[in-house]
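For reference, input.cif (mmCIF, C-alpha atoms):
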data_my_file
loop_
_atom_site.label_atom_id
_atom_site.label_comp_id
_atom_site.auth_asym_id
_atom_site.auth_seq_id
_atom_site.Cartn_x
_atom_site.Cartn_y
_atom_site.Cartn_z
CA MET A 1 96.97 89.16 99.39
CA ASN A 2 96.76 90.39 102.97
CA ARG A 3 95.64 88.50 106.06
CA ASP A 4 91.98 89.54 105.87
CA GLU A 5 91.73 88.59 102.21
CA VAL A 6 93.23 85.16 102.87
CA MET A 7 90.88 84.61 105.82
CA GLN A 8 87.90 85.45 103.61
CA GLU A 9 89.11 83.02 100.95
CA LEU A 10 89.59 80.27 103.53
CA GLU A 11 86.19 80.87 105.08
CA ALA A 12 84.55 80.54 101.67
CA LEU A 13 86.29 77.16 101.19
CA GLY A 14 85.18 75.78 104.54
CA LYS A 15 82.96 72.70 104.70
CA GLU A 16 80.97 71.64 107.75
CA ARG A 17 81.81 67.96 107.24
CA THR A 18 85.56 68.70 107.12
CA LYS A 19 85.21 70.95 110.17
CA LYS A 20 83.62 68.10 112.14
CA ILE A 21 86.47 65.76 111.15
CA TYR A 22 89.09 68.25 112.34
CA ILE A 23 87.23 68.79 115.62
CA SER A 24 86.99 65.03 116.18
CA ASN A 25 90.80 64.93 115.94
CA GLY A 26 91.30 67.70 118.49
CA ALA A 27 90.83 71.00 116.67
CA HIS A 28 88.63 73.66 118.26
CA GLU A 29 87.13 76.97 117.27
CA PRO A 30 88.02 79.09 115.44
CA LEU A 31 88.25 77.03 112.25
CA PHE A 32 86.46 76.83 108.91
CA GLY A 33 87.03 73.22 107.86
CA VAL A 34 89.06 73.69 104.68
CA ALA A 35 90.39 70.61 102.88
CA THR A 36 94.14 70.98 102.43
CA GLY A 37 93.94 70.39 98.69
CA ALA A 38 91.49 73.27 98.33
CA MET A 39 94.19 75.66 99.58
CA LYS A 40 96.57 74.98 96.70
CA PRO A 41 95.27 77.65 94.27
CA ILE A 42 95.72 80.36 96.92
CA ALA A 43 99.15 79.00 97.85
CA LYS A 44 100.26 79.10 94.20
CA GLN A 45 99.20 82.73 94.02
CA ILE A 46 101.06 83.76 97.19
CA LYS A 47 104.03 81.34 97.13
CA LYS A 48 106.30 82.11 100.11
CA ASP A 49 105.43 85.03 102.37
CA GLN A 50 106.80 84.78 105.90
CA PRO A 51 105.27 88.00 107.29
CA LEU A 52 101.83 86.89 106.05
CA ALA A 53 102.43 83.39 107.41
CA GLU A 54 103.17 84.85 110.84
CA GLN A 55 99.98 86.91 110.79
CA LEU A 56 97.87 83.91 109.80
CA TYR A 57 99.47 81.58 112.35
CA ALA A 58 98.80 84.13 115.10
CA THR A 59 95.04 84.05 114.43
CA GLY A 60 94.72 80.69 116.22
CA ASN A 61 92.37 79.57 113.44
CA TYR A 62 93.35 75.99 112.56
CA ASP A 63 92.90 76.44 108.80
CA ALA A 64 94.88 79.69 108.82
CA MET A 65 97.62 78.03 110.88
CA TYR A 66 97.84 75.17 108.39
CA PHE A 67 97.98 77.60 105.47
CA ALA A 68 100.70 79.56 107.31
CA GLY A 69 102.83 76.43 107.20
CA VAL A 70 102.23 76.10 103.47
CA ILE A 71 103.40 79.62 102.61
CA ALA A 72 106.06 80.00 105.32
CA ASP A 73 109.69 80.52 104.38
CA PRO A 74 111.42 78.07 106.75
CA LYS A 75 114.89 79.27 105.78
CA VAL A 76 114.35 82.62 107.53
CA MET A 77 112.85 81.15 110.69
CA THR A 78 114.98 80.93 113.83
CA PRO A 79 114.81 78.47 116.74
CA ALA A 80 112.93 81.17 118.68
CA ASP A 81 110.38 81.41 115.85
CA PHE A 82 109.80 77.66 115.95
CA ASP A 83 109.52 77.72 119.73
CA ARG A 84 106.86 80.39 119.37
CA TRP A 85 105.01 78.27 116.81
CA ILE A 86 105.15 75.13 118.95
CA ASP A 87 103.92 77.13 121.94
CA ALA A 88 100.73 77.88 119.98
CA ALA A 89 100.31 74.28 118.76
CA TYR A 90 97.44 73.02 120.89
CA PHE A 91 97.01 69.55 119.31
CA TYR A 92 99.00 67.06 117.29
CA MET A 93 97.78 68.06 113.82
CA ILE A 94 99.47 71.42 114.39
CA SER A 95 102.59 70.19 116.18
CA ASP A 96 103.31 67.24 113.87
CA PHE A 97 101.87 68.29 110.51
CA ILE A 98 102.42 72.05 110.49
CA VAL A 99 105.29 72.94 112.82
CA ALA A 100 107.37 69.77 112.41
CA VAL A 101 106.88 69.74 108.65
CA THR A 102 107.96 73.38 108.33
CA LEU A 103 110.95 72.77 110.60
CA ALA A 104 112.01 69.78 108.47
CA GLU A 105 112.88 72.15 105.61
CA THR A 106 115.53 74.00 107.61
CA ASP A 107 119.19 73.52 108.48
CA ILE A 108 118.35 73.81 112.20
CA ALA A 109 115.85 70.95 112.17
CA GLN A 110 117.87 68.44 114.18
CA GLU A 111 119.06 71.04 116.69
CA VAL A 112 115.52 72.23 117.44
CA SER A 113 114.05 68.72 117.39
CA ASP A 114 116.66 67.48 119.87
CA ALA A 115 115.71 70.24 122.30
CA TRP A 116 112.01 69.45 121.94
CA ILE A 117 112.53 65.71 122.44
CA ALA A 118 114.42 66.46 125.66
CA SER A 119 111.79 68.91 126.91
CA GLY A 120 109.39 66.46 128.55
CA ASP A 121 106.44 68.33 127.02
CA GLU A 122 104.07 66.02 125.14
CA LEU A 123 103.54 68.00 121.93
CA ARG A 124 107.11 69.32 121.79
CA MET A 125 108.38 65.76 122.07
CA SER A 126 105.87 64.58 119.49
CA ALA A 127 106.92 67.33 117.07
CA GLY A 128 110.61 66.54 117.60
CA TRP A 129 110.23 62.84 116.85
CA SER A 130 107.90 63.64 113.95
CA CYS A 131 110.41 66.06 112.47
CA TYR A 132 113.04 63.31 112.41
CA CYS A 133 110.54 61.15 110.53
CA TRP A 134 110.05 63.87 107.92
CA LEU A 135 113.83 64.34 107.69
CA LEU A 136 114.65 60.64 107.36
CA GLY A 137 111.98 60.26 104.72
CA SER A 138 113.31 63.07 102.56
CA ARG A 139 117.07 63.51 103.05
CA LYS A 140 120.08 61.42 102.10
CA ASP A 141 121.26 58.88 104.66
CA THR A 142 124.66 60.60 104.72
CA GLU A 143 123.11 63.69 106.36
CA PHE A 144 122.58 61.80 109.62
CA SER A 145 124.83 60.48 112.36
CA GLU A 146 124.39 56.73 112.58
CA ASN A 147 125.52 56.73 116.21
CA LYS A 148 123.02 59.41 117.11
CA LEU A 149 120.14 57.53 115.49
CA MET A 150 121.23 54.35 117.28
CA GLU A 151 121.02 56.23 120.57
CA MET A 152 117.56 57.47 119.62
CA LEU A 153 116.41 53.92 118.86
CA GLU A 154 117.68 52.90 122.30
CA ARG A 155 115.76 55.78 123.85
CA VAL A 156 112.57 54.66 122.14
CA LYS A 157 113.09 51.11 123.39
CA LYS A 158 113.55 52.26 126.99
CA THR A 159 110.91 55.00 127.24
CA ILE A 160 108.11 54.62 124.69
CA HIS A 161 105.73 52.69 126.92
CA GLU A 162 105.90 55.37 129.65
CA SER A 163 105.87 58.37 127.29
CA PRO A 164 102.93 60.79 126.85
CA GLU A 165 100.16 59.69 124.51
CA ARG A 166 100.95 61.67 121.34
CA THR A 167 104.66 61.15 121.85
CA LYS A 168 104.08 57.40 121.69
CA TYR A 169 102.59 57.78 118.21
CA SER A 170 105.59 59.77 116.97
CA MET A 171 108.16 57.47 118.56
CA ASN A 172 106.43 54.46 117.05
CA ASN A 173 106.51 56.20 113.67
CA PHE A 174 110.21 56.92 114.20
CA LEU A 175 110.89 53.18 114.54
CA TYR A 176 109.02 52.55 111.32
CA THR A 177 110.73 55.39 109.45
CA VAL A 178 114.27 54.38 110.45
CA ALA A 179 113.54 50.83 109.30
CA THR A 180 112.05 51.89 105.97
CA SER A 181 113.96 55.07 105.06
CA TYR A 182 117.41 54.86 106.70
CA HIS A 183 119.25 51.89 105.23
CA PRO A 184 122.27 51.73 107.62
CA LEU A 185 120.05 50.98 110.64
CA HIS A 186 117.30 48.93 109.03
CA ASP A 187 118.19 45.76 110.93
CA GLN A 188 118.67 47.63 114.20
CA ALA A 189 115.26 49.30 113.86
CA VAL A 190 113.61 45.98 113.03
CA GLU A 191 115.05 44.38 116.15
CA THR A 192 114.15 47.38 118.31
CA ALA A 193 110.56 47.29 117.06
CA LYS A 194 110.34 43.60 117.97
CA VAL A 195 111.60 44.28 121.49
CA VAL A 196 109.22 47.22 121.94
CA GLY A 197 106.25 45.18 120.77
CA PRO A 198 102.71 46.61 120.67
CA VAL A 199 102.32 50.04 122.29
CA GLU A 200 99.00 50.83 123.95
CA VAL A 201 97.43 54.25 123.39
CA ASN A 202 94.01 55.79 124.15
CA LYS A 203 93.96 54.16 127.59
CA ASP A 204 91.61 56.88 128.85
CA LYS A 205 89.02 56.11 126.17
CA PRO A 206 86.41 53.32 126.10
CA LYS A 207 88.55 51.31 123.71
CA SER A 208 92.35 51.46 123.70
CA LYS A 209 94.48 50.96 120.60
CA LEU A 210 97.71 49.12 119.94
CA LEU A 211 100.48 50.55 117.76
CA ASN A 212 102.71 47.91 116.23
CA ALA A 213 105.74 49.23 114.35
CA SER A 214 107.08 45.71 113.80
CA GLU A 215 104.01 44.60 111.83
CA ASN A 216 104.01 47.76 109.71
CA ILE A 217 107.71 47.44 108.98
CA GLN A 218 107.21 43.88 107.79
CA LYS A 219 104.37 44.99 105.51
CA ALA A 220 106.66 47.63 103.99
CA VAL A 221 109.42 45.06 103.49
CA ASP A 222 107.02 42.61 101.87
CA ALA A 223 105.76 45.34 99.54
CA GLY A 224 109.30 46.42 98.59
CA ARG A 225 108.80 49.91 100.02
CA THR A 226 112.08 50.21 101.96
CA GLY A 227 114.49 52.96 100.97
CA PHE A 228 111.64 55.40 100.35
CA LYS A 229 112.55 59.09 100.09
CA ARG A 230 110.06 61.82 99.24
CA LYS A 231 111.14 64.75 97.08
CA TYR A 232 109.36 67.42 99.10
CA VAL A 233 108.26 67.53 102.73
CA ARG A 234 105.62 70.23 102.37
CA CYS A 235 102.84 69.98 99.80
#

Encoding of this model in structure tokens:
Amino acid sequence: MNRDEVMQELEALGKERTKKIYISNGAHEPLFGVATGAMKPIAKQIKKDQPLAEQLYATGNYDAMYFAGVIADPKVMTPADFDRWIDAAYFYMISDFIVAVTLAETDIAQEVSDAWIASGDELRMSAGWSCYCWLLGSRKDTEFSENKLMEMLERVKKTIHESPERTKYSMNNFLYTVATSYHPLHDQAVETAKVVGPVEVNKDKPKSKLLNASENIQKAVDAGRTGFKRKYVRC
């Protein structure tokens, strides 16, 4: 299938209700409002196709950008390719659930994520922390440097409350993921989450929200969900 054929297929799958949900989360036109599960038959037909993925991502259409992540071949993408993708990511559902997820299936994931975390840019930072969450939740503990992750926990403790809005979400999720998916630093993550305490987000909205990694970690412990590793990052 070529780009135009895929776009026609996606448009036919669009639902107004789904479109409104995406827009309420930060998406803007152009988009069709396609449920991610509805894309699977087309994805099975195409499998991996990086040139097509690049064409779809470049449309700026949210549904096409998401589908680009599904059919992308991460192994052939370079740091420059991922920088180009994150440049076009205009809200967190693209940065954290398309770009970061695709990056998490590469050998350059930590290298790129480290650069994004250090960038000071809200969505780059969010994608970097999110990518580590995807990595920790899918790869063996032995693939990570314990000292490096300890330093990252310390960074969260010192900076999360002053970090940009979306970055706070991803850093909070990082605390949770280290505690539940990376056994060597479970206790350290638990203690860090306690010190961090509730993290306020949505301050500019009528009603703010508190993120509490410590409470969520305890729920996971009580439910016996620690040590979780997913088989695949992408659907």

Residues near stretch 118-135 of chain A, cut-off 9 Å, all atoms listed in the file, skip fewer than 5 positions along chain, as a PyMOL selection string
chain A and resi 83+86-87+89-92+94-97+99-105+109-110+112-113+140+163-171+173-178+181+230+233

Dump C-alpha atoms for the selected residues as a PDB file, in the frame of the given file?
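Once everything was written out, this is result-v5.pdb:
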ATOM      1  CA  ASP A  83     109.520  77.720 119.730  1.00  0.00           C
ATOM      2  CA  ILE A  86     105.150  75.130 118.950  1.00  0.00           C
ATOM      3  CA  ASP A  87     103.920  77.130 121.940  1.00  0.00           C
ATOM      4  CA  ALA A  89     100.310  74.280 118.760  1.00  0.00           C
ATOM      5  CA  TYR A  90      97.440  73.020 120.890  1.00  0.00           C
ATOM      6  CA  PHE A  91      97.010  69.550 119.310  1.00  0.00           C
ATOM      7  CA  TYR A  92      99.000  67.060 117.290  1.00  0.00           C
ATOM      8  CA  ILE A  94      99.470  71.420 114.390  1.00  0.00           C
ATOM      9  CA  SER A  95     102.590  70.190 116.180  1.00  0.00           C
ATOM     10  CA  ASP A  96     103.310  67.240 113.870  1.00  0.00           C
ATOM     11  CA  PHE A  97     101.870  68.290 110.510  1.00  0.00           C
ATOM     12  CA  VAL A  99     105.290  72.940 112.820  1.00  0.00           C
ATOM     13  CA  ALA A 100     107.370  69.770 112.410  1.00  0.00           C
ATOM     14  CA  VAL A 101     106.880  69.740 108.650  1.00  0.00           C
ATOM     15  CA  THR A 102     107.960  73.380 108.330  1.00  0.00           C
ATOM     16  CA  LEU A 103     110.950  72.770 110.600  1.00  0.00           C
ATOM     17  CA  ALA A 104     112.010  69.780 108.470  1.00  0.00           C
ATOM     18  CA  GLU A 105     112.880  72.150 105.610  1.00  0.00           C
ATOM     19  CA  ALA A 109     115.850  70.950 112.170  1.00  0.00           C
ATOM     20  CA  GLN A 110     117.870  68.440 114.180  1.00  0.00           C
ATOM     21  CA  VAL A 112     115.520  72.230 117.440  1.00  0.00           C
ATOM     22  CA  SER A 113     114.050  68.720 117.390  1.00  0.00           C
ATOM     23  CA  LYS A 140     120.080  61.420 102.100  1.00  0.00           C
ATOM     24  CA  SER A 163     105.870  58.370 127.290  1.00  0.00           C
ATOM     25  CA  PRO A 164     102.930  60.790 126.850  1.00  0.00           C
ATOM     26  CA  GLU A 165     100.160  59.690 124.510  1.00  0.00           C
ATOM     27  CA  ARG A 166     100.950  61.670 121.340  1.00  0.00           C
ATOM     28  CA  THR A 167     104.660  61.150 121.850  1.00  0.00           C
ATOM     29  CA  LYS A 168     104.080  57.400 121.690  1.00  0.00           C
ATOM     30  CA  TYR A 169     102.590  57.780 118.210  1.00  0.00           C
ATOM     31  CA  SER A 170     105.590  59.770 116.970  1.00  0.00           C
ATOM     32  CA  MET A 171     108.160  57.470 118.560  1.00  0.00           C
ATOM     33  CA  ASN A 173     106.510  56.200 113.670  1.00  0.00           C
ATOM     34  CA  PHE A 174     110.210  56.920 114.200  1.00  0.00           C
ATOM     35  CA  LEU A 175     110.890  53.180 114.540  1.00  0.00           C
ATOM     36  CA  TYR A 176     109.020  52.550 111.320  1.00  0.00           C
ATOM     37  CA  THR A 177     110.730  55.390 109.450  1.00  0.00           C
ATOM     38  CA  VAL A 178     114.270  54.380 110.450  1.00  0.00           C
ATOM     39  CA  SER A 181     113.960  55.070 105.060  1.00  0.00           C
ATOM     40  CA  ARG A 230     110.060  61.820  99.240  1.00  0.00           C
ATOM     41  CA  VAL A 233     108.260  67.530 102.730  1.00  0.00           C
TER      42      VAL A 233
END

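The gap separating atom CA of A:Leu56 from atom CA of A:Asp4 is 9.0 Å, in Å to one decimal.
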
Applied to this file, what does the PyMOL selection byres ((chain A and resi 213) around 8) return in terms of residues, put as a PDB file with C-alpha atoms, in the coordinates of the input?
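Listed below is the output, result.pdb:
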ATOM      1  CA  ASN A 172     106.430  54.460 117.050  1.00  0.00           C
ATOM      2  CA  ASN A 173     106.510  56.200 113.670  1.00  0.00           C
ATOM      3  CA  LEU A 175     110.890  53.180 114.540  1.00  0.00           C
ATOM      4  CA  TYR A 176     109.020  52.550 111.320  1.00  0.00           C
ATOM      5  CA  ALA A 193     110.560  47.290 117.060  1.00  0.00           C
ATOM      6  CA  GLY A 197     106.250  45.180 120.770  1.00  0.00           C
ATOM      7  CA  PRO A 198     102.710  46.610 120.670  1.00  0.00           C
ATOM      8  CA  LEU A 211     100.480  50.550 117.760  1.00  0.00           C
ATOM      9  CA  ASN A 212     102.710  47.910 116.230  1.00  0.00           C
ATOM     10  CA  SER A 214     107.080  45.710 113.800  1.00  0.00           C
ATOM     11  CA  GLU A 215     104.010  44.600 111.830  1.00  0.00           C
ATOM     12  CA  ASN A 216     104.010  47.760 109.710  1.00  0.00           C
ATOM     13  CA  ILE A 217     107.710  47.440 108.980  1.00  0.00           C
TER      14      ILE A 217
END

Return as a ChimeraX atom specification the set of residues that the PyMOL selection byres ((chain A and resi 27-39) around 8) yields on the displayed structure. /A:10-11,13-20,22-26,40-43,60-64,67,91

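Distance annotation: of A:Ala189, A:Leu153, A:Ala12, A:Val70, the residue with the minimal separation from A:Lys47 is A:Val70; atom set is all atoms listed in the file.
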
With distances taken over all atoms listed in the file, the candidate from A:Val195, A:Ile108, A:Ile160, A:Met65 nearest A:Thr78 is A:Ile108

One decimal place gives the atom CA of A:Arg139-atom CA of A:Arg84 separation as 25.6 Å

Centre and size of axis-aligned box enclosing stretch 206-219 of chain A plus 3 Å each side, as AutoDock Vina command-line options:
--center_x 97.1 --center_y 48.6 --center_z 115.8 --size_x 27.3 --size_y 15.4 --size_z 26.6

A:Met93 proximity check over A:Ala220, A:Ala179, A:Ile21, A:Val6, using all atoms listed in the file: winner is A:Ile21

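Going from atom CA of A:Pro51 to atom CA of A:Asp107 covers 20.1 Å.
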
Atoms are missing here; could stretch 131-161 of chain A be completed with N, CA and C atoms and written as a CSV table (one decimal), in the coordinates of the input?
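Resulting contents of selection-v9.csv:
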chain,number,residue,atom,x,y,z
A,131,CYS,N,109.5,65.4,113.4
A,131,CYS,CA,110.4,66.1,112.5
A,131,CYS,C,111.5,65.1,112.0
A,132,TYR,N,112.0,64.3,112.9
A,132,TYR,CA,113.0,63.3,112.4
A,132,TYR,C,112.5,62.4,111.4
A,133,CYS,N,111.2,62.0,111.5
A,133,CYS,CA,110.5,61.2,110.5
A,133,CYS,C,110.5,61.8,109.2
A,134,TRP,N,110.1,63.1,109.2
A,134,TRP,CA,110.0,63.9,107.9
A,134,TRP,C,111.4,64.0,107.3
A,135,LEU,N,112.4,64.2,108.2
A,135,LEU,CA,113.8,64.3,107.7
A,135,LEU,C,114.3,63.0,107.1
A,136,LEU,N,114.2,61.9,107.8
A,136,LEU,CA,114.6,60.6,107.4
A,136,LEU,C,114.0,60.2,106.1
A,137,GLY,N,112.7,60.6,105.9
A,137,GLY,CA,112.0,60.3,104.7
A,137,GLY,C,112.2,61.1,103.5
A,138,SER,N,113.1,62.1,103.7
A,138,SER,CA,113.3,63.1,102.6
A,138,SER,C,114.8,63.4,102.3
A,139,ARG,N,115.7,63.1,103.2
A,139,ARG,CA,117.1,63.5,103.0
A,139,ARG,C,118.0,62.3,102.9
A,140,LYS,N,119.1,62.5,102.3
A,140,LYS,CA,120.1,61.4,102.1
A,140,LYS,C,120.5,60.8,103.4
A,141,ASP,N,120.8,59.5,103.4
A,141,ASP,CA,121.3,58.9,104.7
A,141,ASP,C,122.5,59.5,105.2
A,142,THR,N,123.4,60.0,104.3
A,142,THR,CA,124.7,60.6,104.7
A,142,THR,C,124.5,61.9,105.5
A,143,GLU,N,123.3,62.5,105.6
A,143,GLU,CA,123.1,63.7,106.4
A,143,GLU,C,122.9,63.4,107.8
A,144,PHE,N,122.9,62.2,108.2
A,144,PHE,CA,122.6,61.8,109.6
A,144,PHE,C,123.7,61.1,110.3
A,145,SER,N,123.8,61.2,111.6
A,145,SER,CA,124.8,60.5,112.4
A,145,SER,C,124.2,59.1,112.7
A,146,GLU,N,124.9,58.1,112.3
A,146,GLU,CA,124.4,56.7,112.6
A,146,GLU,C,124.4,56.5,114.1
A,147,ASN,N,125.4,56.9,114.8
A,147,ASN,CA,125.5,56.7,116.2
A,147,ASN,C,124.4,57.4,116.9
A,148,LYS,N,124.1,58.6,116.5
A,148,LYS,CA,123.0,59.4,117.1
A,148,LYS,C,121.7,58.7,116.9
A,149,LEU,N,121.4,58.2,115.7
A,149,LEU,CA,120.1,57.5,115.5
A,149,LEU,C,120.1,56.2,116.3
A,150,MET,N,121.2,55.6,116.5
A,150,MET,CA,121.2,54.4,117.3
A,150,MET,C,120.8,54.7,118.7
A,151,GLU,N,121.4,55.8,119.2
A,151,GLU,CA,121.0,56.2,120.6
A,151,GLU,C,119.5,56.6,120.7
A,152,MET,N,119.0,57.1,119.6
A,152,MET,CA,117.6,57.5,119.6
A,152,MET,C,116.7,56.2,119.6
A,153,LEU,N,117.1,55.2,118.9
A,153,LEU,CA,116.4,53.9,118.9
A,153,LEU,C,116.4,53.3,120.3
A,154,GLU,N,117.6,53.4,120.9
A,154,GLU,CA,117.7,52.9,122.3
A,154,GLU,C,116.7,53.7,123.2
A,155,ARG,N,116.7,55.0,123.0
A,155,ARG,CA,115.8,55.8,123.8
A,155,ARG,C,114.3,55.4,123.7
A,156,VAL,N,113.9,55.1,122.4
A,156,VAL,CA,112.6,54.7,122.1
A,156,VAL,C,112.3,53.4,122.9
A,157,LYS,N,113.2,52.4,122.8
A,157,LYS,CA,113.1,51.1,123.4
A,157,LYS,C,112.9,51.2,124.9
A,158,LYS,N,113.6,52.1,125.5
A,158,LYS,CA,113.6,52.3,127.0
A,158,LYS,C,112.4,53.1,127.5
A,159,THR,N,111.9,54.0,126.7
A,159,THR,CA,110.9,55.0,127.2
A,159,THR,C,109.6,55.1,126.6
A,160,ILE,N,109.4,54.4,125.4
A,160,ILE,CA,108.1,54.6,124.7
A,160,ILE,C,106.9,54.2,125.5
A,161,HIS,N,106.9,53.2,126.2
A,161,HIS,CA,105.7,52.7,126.9
A,161,HIS,C,105.3,53.6,128.1
